[in-house]
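S.K.: Please read through the structure below; I'll follow up with questions.
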Amino acid sequence: MERILLIGSGGREHALAVALASSPSCSKLWCAPGNPGIAREAELVSLRISDAEVVSRFCREQNVTLVVVGPEQPLTDGLADHLRSEGIDVFGPSQAAAQLEASKGFAKDFMARHGIPTAPYRRFGAGARQDALAYVQSHALPVVVKYDGLAAGKGVVVAATTAEALQAVEAMYDGVFGDDGIVVEGFLEGQEASLFAICDGERYLTLAAAQDHKRVGDGDTGKNTGGMGAYAPAPLVSQEVRQRIERTIIEPTLAGMRAEGQPFVGCLFCGLMIHNDHPSVVEFNVRFGDPETQAVLAVLSADVAALLASAARGAVDTSTVASVAVGFACNVVLANMGYPDMYEKGAAITGIDRAEGDPMVTVFHAGTTQNDDVLRATGGRVLGVTARGTTLAEAIERSYAAVGKIDYATKMFRTDIGRKAL
């Protein structure tokens, strides 16, 4: 039986907590630092997750058998390496393998070396502002400008005009995210999809494909966000397309990482563009995506604790999974007005119990705090309202019915999640 420590505090971690807590092979679940929703599933512990020694000491004292790392920053900081050096099993990649997300430039160079389909690109380092400006000045439109390092899902600008591209370059070199330089890419035609692969360094299992809605406004308008909603499985990813993704992207990525001495263990998140049934990589992430995880795990029938533990121990066990997709799920993100820029915070939330009166609905906490028995909206993304159905249309309808039962003064959401698939 597994004694599991889950790292993180968002909607992704709440979805993982629900899946792990309901796993037959999980005997105890802690989460650091967690949130009010996760507190219903796990014992919350106040650990400084940026301090690997503090985390490993807790694991030793509590006989933790598996650590599941939710967010990207601890992986980039090398938490998994430290825990493994202490003999603690971890679901999450090494610091070296986490470069696939931590550096867009590293990922693009890696894909070029291993023939993995992606957009043409050029890298510009921290001191190359003028070269980057000159390059985008002459680039065909649209053009994509990406911050090279971690930016919480917000470091990408798809520029329709040269002026917009130049503004993005200037902002990134002015340090809005840091000083890691940028990557400039050609624009990929098609529809976006996300596919998670549970990897043990050599073998893998893909879960249900999802489609995220990155833009803040209906009709995919406005600024990029961390994600305003998702649904799964995405009909866009047929069995044929899935096999092509596995053959041309996942398998060469795992083989390439192994060949370069940094085998990938954890969740390989493939952010894809599908055009005429042919996939290309938009970006890699090295952990479960948010909010896609909330929809993907909602349709997964599996002993998730046993699945992640088997991957962490180098032999992913597909027998732990009964089905990667039972029905459909739709997740609608409730945000605070103003997100993804400066937003209002602190409004009291009501109606979650009413929303979850439907047994097919789960409300995942992403940015909430509990003060004196009052639940408050304190994050940019506040809640993820996820509903299941036998059809996608049914899941969407259920999700929005639940959204209507939840209230807080600064509530904001998209009204068209999943509609494009219908």
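Chain labels run A, B, ... following the order of the structure tokens; each chain numbers its residues from 1, and ligands are numbered from 1 in the order shown.
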Residues near A:Pro252, anyone? I mean within 8 Å using only C-alpha atoms, not counting same-chain ones fewer than 5 positions away, as a list in words.
M.R.: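 These residues fall inside the cut-off: His114, Ile116 and Arg247 of chain A.
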S.K.: Using 12 Å as the limit and counting only C-alpha atoms, can you tabulate each residue of stretch 149-250 of chain A that touches stretch 298-316 of chain A, with its shortest atom-to-atom distance in Å and the two atoms involved, as a Markdown table?
M.R.:
| residue | atom | partner | partner_atom | distance |
| --- | --- | --- | --- | --- |
| A:Ala197 | CA | A:Ala311 | CA | 10.6 |
| A:Ile198 | CA | A:Ala311 | CA | 6.9 |
| A:Cys199 | CA | A:Ala311 | CA | 5.9 |
| A:Asp200 | CA | A:Ala311 | CA | 4.3 |
| A:Gly201 | CA | A:Gly314 | CA | 6.7 |
| A:Glu202 | CA | A:Gly314 | CA | 8.0 |
| A:Arg203 | CA | A:Val316 | CA | 6.7 |
| A:Tyr204 | CA | A:Val316 | CA | 6.6 |
| A:Leu205 | CA | A:Val316 | CA | 7.6 |
| A:Thr206 | CA | A:Leu300 | CA | 11.1 |
| A:Leu207 | CA | A:Leu300 | CA | 7.7 |
| A:Ala208 | CA | A:Leu300 | CA | 7.7 |
| A:Ala209 | CA | A:Val299 | CA | 10.7 |
| A:Ala210 | CA | A:Val299 | CA | 10.8 |
| A:Ala230 | CA | A:Ala298 | CA | 11.5 |
| A:Tyr231 | CA | A:Ala298 | CA | 9.9 |
| A:Ala232 | CA | A:Val299 | CA | 7.5 |
| A:Pro233 | CA | A:Val299 | CA | 8.0 |
| A:Ala234 | CA | A:Val299 | CA | 11.7 |
S.K.: Grab the residues selected above and save them as a PDB file, in the first residue's frame with C-alpha atoms.
M.R.:
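Everything below was put into result01.pdb:
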ATOM      1  CA  ALA A 197       1.953  10.207 -21.429  1.00  0.00           C
ATOM      2  CA  ILE A 198       2.720   8.416 -18.149  1.00  0.00           C
ATOM      3  CA  CYS A 199       6.385   7.500 -18.606  1.00  0.00           C
ATOM      4  CA  ASP A 200       8.884   5.286 -16.775  1.00  0.00           C
ATOM      5  CA  GLY A 201      11.931   6.423 -18.762  1.00  0.00           C
ATOM      6  CA  GLU A 202      11.419   3.928 -21.578  1.00  0.00           C
ATOM      7  CA  ARG A 203       7.781   2.777 -21.734  1.00  0.00           C
ATOM      8  CA  TYR A 204       4.628   4.876 -21.533  1.00  0.00           C
ATOM      9  CA  LEU A 205       0.840   4.941 -21.439  1.00  0.00           C
ATOM     10  CA  THR A 206      -1.167   7.751 -23.012  1.00  0.00           C
ATOM     11  CA  LEU A 207      -4.339   9.014 -21.317  1.00  0.00           C
ATOM     12  CA  ALA A 208      -7.415  10.587 -22.923  1.00  0.00           C
ATOM     13  CA  ALA A 209      -6.600  13.508 -25.226  1.00  0.00           C
ATOM     14  CA  ALA A 210      -7.920  16.895 -24.092  1.00  0.00           C
ATOM     15  CA  ALA A 230     -10.939  21.920 -21.059  1.00  0.00           C
ATOM     16  CA  TYR A 231     -12.757  18.803 -22.164  1.00  0.00           C
ATOM     17  CA  ALA A 232     -11.793  15.174 -22.708  1.00  0.00           C
ATOM     18  CA  PRO A 233     -11.581  13.018 -24.675  1.00  0.00           C
ATOM     19  CA  ALA A 234     -11.093  15.374 -27.639  1.00  0.00           C
TER      20      ALA A 234
END
S.K.: Skipping near chain neighbours, those fewer than 3 positions away, what residues fall within 9 Å of A:Gly181 using only C-alpha atoms, listed as a PyMOL selection string?
M.R.: chain A and resi 105+123-129+146-149+172-173+178
S.K.: What's the 6 Å shell around A:Lys154, counting only C-alpha atoms, without same-chain residues fewer than 3 positions away, as a PyMOL selection string?
M.R.: chain A and resi 151+224-225
S.K.: Out of stretch 336-410 of chain A, which residues get alpha helix (DSSP H) from DSSP, as a list in words?
M.R.: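 Of stretch 336-410 of chain A, only Ile352, Asp353, Arg354, Ala355, Leu392, Ala393, Glu394, Ala395, Ile396, Glu397, Arg398, Ser399, Tyr400, Ala401, Ala402 and Val403 of chain A fall in alpha helix (DSSP H).
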S.K.: Pick out the closest residue to A:Phe177 from this set: A:Arg244, A:Ala255, A:Met360, A:Val156. Count only C-alpha atoms.
M.R.: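 So, comparing all the options, the nearest one is A:Val156.
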S.K.: May I have the residues within 10 Å of A:Ala107 as a VMD selection string, using only C-alpha atoms and disregarding those fewer than 2 positions away in the same chain?
M.R.: chain A and resid 98 to 105 109 to 113 148 281 283 to 285
